[in-house]
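Everything on this sheet refers to the single structure shown next.
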Amino acid sequence: MTALACLGENPAAALRLICFPHSGGQPGMFRRWVAGLAPDVEVWGRRCPAAPPG
């Protein structure tokens, strides 16, 4: 699994916005942001690793 998830691929993007979800959150929570940002912004969400069983 990769550490980042692209939430709106944009090959012409001039800027990549990397978002960090709250504890227990998922990167998909930022998917709605894609429509509200400038068209030259690509949104990525950070995938946080799961805690080891313990």
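Letters A, B, ... mark the chains of the structure tokens in the order given; residue numbers begin at 1 per chain; ligand numbers begin at 1, in order shown.
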Taking the DSSP secondary structure from the backbone, can you list the residues of chain A that are alpha helix (DSSP H), as a VMD selection string?
chain A and resid 33 to 36
Grab the residues selected above and save them as an mmCIF file, in the first residue's frame with C-alpha atoms.
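For reference, again27.cif as written:
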data_model
loop_
_atom_site.group_PDB
_atom_site.id
_atom_site.type_symbol
_atom_site.label_atom_id
_atom_site.label_comp_id
_atom_site.auth_asym_id
_atom_site.auth_seq_id
_atom_site.Cartn_x
_atom_site.Cartn_y
_atom_site.Cartn_z
ATOM 1 C CA TRP A 33 -12.393 19.385 -1.779
ATOM 2 C CA VAL A 34 -11.438 18.673 -5.407
ATOM 3 C CA ALA A 35 -14.547 20.443 -6.749
ATOM 4 C CA GLY A 36 -14.039 23.503 -4.538
#
List every residue of chain A that DSSP, applied to the backbone of this structure, places in strand (DSSP E or B), and write the result as a PyMOL selection string.
chain A and resi 4-6+15-19+41-46
Atom pair atom CA of A:Thr2 / atom CA of A:Leu37: separation (Å)
24.2 Å
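Taking only C-alpha atoms into account, A:Phe20 lies nearest to A:Arg46 out of the set A:Ala38, A:Arg32, A:Leu4, A:Arg46.
The closest residue to A:Gly25, picked from A:Cys48, A:Val41, A:Asn10, A:Ala3 and counting only C-alpha atoms, is A:Cys48.
The space separating atom CA of A:Pro49 from atom CA of A:Leu7 comes to 18.1 Å.
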What's around stretch 11-17 of chain A at 8 Å? Count only C-alpha atoms, leave out sequence neighbours fewer than 4 positions away in its own chain, and write the answer as a PyMOL selection string.
chain A and resi 39-44
C-alpha atoms of the current selection, written as an mmCIF file, in the first residue's frame:
data_model
loop_
_atom_site.group_PDB
_atom_site.id
_atom_site.type_symbol
_atom_site.label_atom_id
_atom_site.label_comp_id
_atom_site.auth_asym_id
_atom_site.auth_seq_id
_atom_site.Cartn_x
_atom_site.Cartn_y
_atom_site.Cartn_z
ATOM 1 C CA PRO A 39 -8.539 23.602 -11.440
ATOM 2 C CA ASP A 40 -4.736 23.539 -11.267
ATOM 3 C CA VAL A 41 -4.699 21.871 -7.808
ATOM 4 C CA GLU A 42 -4.361 18.105 -7.365
ATOM 5 C CA VAL A 43 -5.545 16.734 -4.003
ATOM 6 C CA TRP A 44 -3.770 13.851 -2.262
#
